[in-house]
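Peer 1: The structure follows.
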Amino acid sequence: MAPTQRQLKDIRAKQLAGAKAPKAKVARYLKTLESKLVEEAKSALLLKGIRCSDAMTTVLKDLRAIKAPHAKLLTKNNVIVPFDDEGQQSLDFLCTKNDASLFAMASHNKKRPNNLTIGRTFDRRILDMCELGVLRYKSLQDYAGSIKKRIGSKPMMLFVGDKWHLDVECKRLQNLLIDFYRGDPVKKIIVSGLDHIMVFTIVDDPQSINNNNVNLVFKPTIHQRTYFVKLKKNPNGGKTPLPYLLASGPDMDFKVRRTQFATPDTWKMAMKQPAAIKPKKVKNHTTNMFGETIGRLHIEKQDIDKMGGKKSKALRNADKLEKAEQKAEIEADLSKENSEIGAEFKQTFGFDKNDMVE
């Protein structure tokens, strides 16, 4: 059985005080909690608030199905208010205890019905939080007959709307959604592994905040749709298959109610990468926007006219055709010239060269 968090704190305190090294089992467990150069997939903690309706419980269950196997659902209600200091301390404790850096808490009350708060942690503390009001939800049970994604597969994510890159808060929300749904970090992926896509469409929805309808507060509505990607053979030929999209769920329409994003200094610390994993700069090598490596070579001046390279079959055939055309033009010019000389000879002497008898 692994030691509790209290025992780990006591062991760390003793180590700092100069005590002897812990047992091998405890040392191995402590090593698993240390920071890594390349982090694995982030786990998500799904929990209920003070009150949670059946609809929001269904949302948490579907999130667990999407995030599986990197998700843990707590069934009991928790007296936690995420945007209070005490609530954030409770979330820090629960995320640390369950070894999760992402969390989603569902709640329901009269003031904020169908409330979903998603967030992430950095250095065992809350980094970002965003409170979403669910307006419409279509669960996985509503798509009972459709094909579902494979467990552990990575989604393709599409963000539609100019506000995703024009508004600062929408940029941070986009980054949070990508971090929440992206799954395992990989360098390469096969085509058959791309089995579903998530589309987030943002639409501006003006709502008046006074009776005169003079001042408007723009609260964007976000439509989340999930499609299964079915690959079929290309009728025009070729090895690359054609993708067909089938609605598979879950689908959600929500609005952003409250946000609490990290300060610039904390965000800078969270985005900092260790020097060991930073790619080393190679001289005369650059990378373009497509990830292709472009190199530059410094060589002496060469006389290209005297260089003889290997020609392909198409170029050799083109040379033969060009030579044949030039030869035909020369023969046509010679025959025309002979006919003109023959005509002048006949006009001068009154007979043709062909009429002469040896």
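Chain identifiers are assigned as A, B, and so on, following the order in which chains appear in the structure tokens; residues are numbered from 1 within each chain, and ligands are numbered from 1 in order of appearance.
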Check the DSSP output for the backbone and give back, as a CSV table (one decimal) with C-alpha atoms, in the first residue's frame, the residues of range 150-316 of chain A in helix (DSSP H, G or I).
Peer 2:
```csv
chain,number,residue,atom,x,y,z
A,163,LYS,CA,-13.0,35.4,-31.6
A,164,TRP,CA,-10.7,32.4,-30.8
A,165,HIS,CA,-7.6,34.4,-32.0
A,166,LEU,CA,-8.9,37.9,-31.5
A,168,VAL,CA,-7.5,37.2,-25.1
A,169,GLU,CA,-9.8,35.3,-22.8
A,170,CYS,CA,-11.1,33.2,-25.7
A,171,LYS,CA,-7.4,32.3,-26.5
A,172,ARG,CA,-6.9,31.1,-23.0
A,173,LEU,CA,-10.1,29.2,-23.0
A,174,GLN,CA,-9.0,27.5,-26.3
A,175,ASN,CA,-5.7,26.6,-24.7
A,176,LEU,CA,-7.6,25.1,-21.7
A,177,LEU,CA,-9.9,23.1,-23.9
A,178,ILE,CA,-7.0,21.7,-25.9
A,179,ASP,CA,-5.1,20.8,-22.7
A,180,PHE,CA,-8.3,19.1,-21.3
A,181,TYR,CA,-9.1,16.9,-24.3
A,191,VAL,CA,-4.3,7.5,-40.0
A,192,SER,CA,-6.6,4.9,-38.5
A,193,GLY,CA,-5.9,6.5,-35.0
A,264,PRO,CA,1.3,36.8,-16.5
A,265,ASP,CA,4.2,35.8,-14.1
A,266,THR,CA,2.6,32.5,-13.1
A,267,TRP,CA,1.7,31.8,-16.8
A,268,LYS,CA,5.3,32.5,-17.8
A,269,MET,CA,6.5,30.0,-15.1
A,270,ALA,CA,4.0,27.4,-16.3
A,271,MET,CA,5.1,27.8,-19.9
A,304,ILE,CA,26.7,24.6,-64.6
A,305,ASP,CA,27.0,24.7,-68.5
A,306,LYS,CA,29.8,22.1,-68.3
A,313,LYS,CA,13.6,9.0,-70.0
A,314,ALA,CA,11.2,11.8,-70.6
A,315,LEU,CA,14.0,14.3,-71.2
A,316,ARG,CA,15.8,11.9,-73.6
```
Peer 1: Need the shell around Lys67 in chain A: protein/DNA/RNA residues with any atom at most 10 Å away, counting only C-alpha atoms. Skip same-chain ones fewer than 4 positions apart. Format as a list in words?
Peer 2: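 The residues satisfying every condition are Lys42, Ser43, Ala44, Lys61, Asp62, Leu63, Ala71, Lys72, Ile151, Gly152, Ser153, Lys154, Phe180, Tyr181, Arg182 and Gly183 of chain A.
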Peer 1: Can you list every residue in range 158-238 of chain A that DSSP puts in strand (DSSP E or B), as a PyMOL selection string?
Peer 2: chain A and resi 158-160+196-203+206-208+216-218+221-232
Peer 1: May I have the residues within 8 Å of Ile197 in chain A as JSON, numbers by chain, using only C-alpha atoms and disregarding those fewer than 5 positions away in the same chain?
Peer 2: {"A": [155, 156, 157, 158, 226, 227, 228, 229]}
Peer 1: Compile the contact shell of Pro243 in chain A as a list in words: residues with an atom at most 7 Å away, counting only C-alpha atoms, same-chain residues fewer than 3 positions apart removed.
Peer 2: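 Near neighbours after the sequence-gap exclusion: Val229, Lys230, Leu231 and Lys232 of chain A.
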Peer 1: Could you give me, as a Markdown table, every range 152-262 of chain A residue with an atom at most 8 Å from range 112-129 of chain A, plus its closest atom pair and distance in Å to one decimal, counting only C-alpha atoms, rows ordered by chain then number?
Peer 2:
```
| residue | atom | partner | partner_atom | distance |
| --- | --- | --- | --- | --- |
| A:Leu176 | CA | A:Gly119 | CA | 7.3 |
| A:Thr259 | CA | A:Met129 | CA | 5.8 |
| A:Gln260 | CA | A:Met129 | CA | 5.1 |
| A:Phe261 | CA | A:Asp128 | CA | 4.5 |
| A:Ala262 | CA | A:Leu127 | CA | 5.4 |
```
Peer 1: I'd like the interatomic distance between CA of Pro185 in chain A and CA of Glu39 in chain A, to a tenth of an Å.
Peer 2: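 Rounded to one decimal, the two atoms are 8.2 Å apart.
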Peer 1: Would you mind reading off the distance between CA of Lys239 in chain A and CA of Ile294 in chain A, one decimal, in Å?
Peer 2: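 These two atoms are separated by 27.3 Å.
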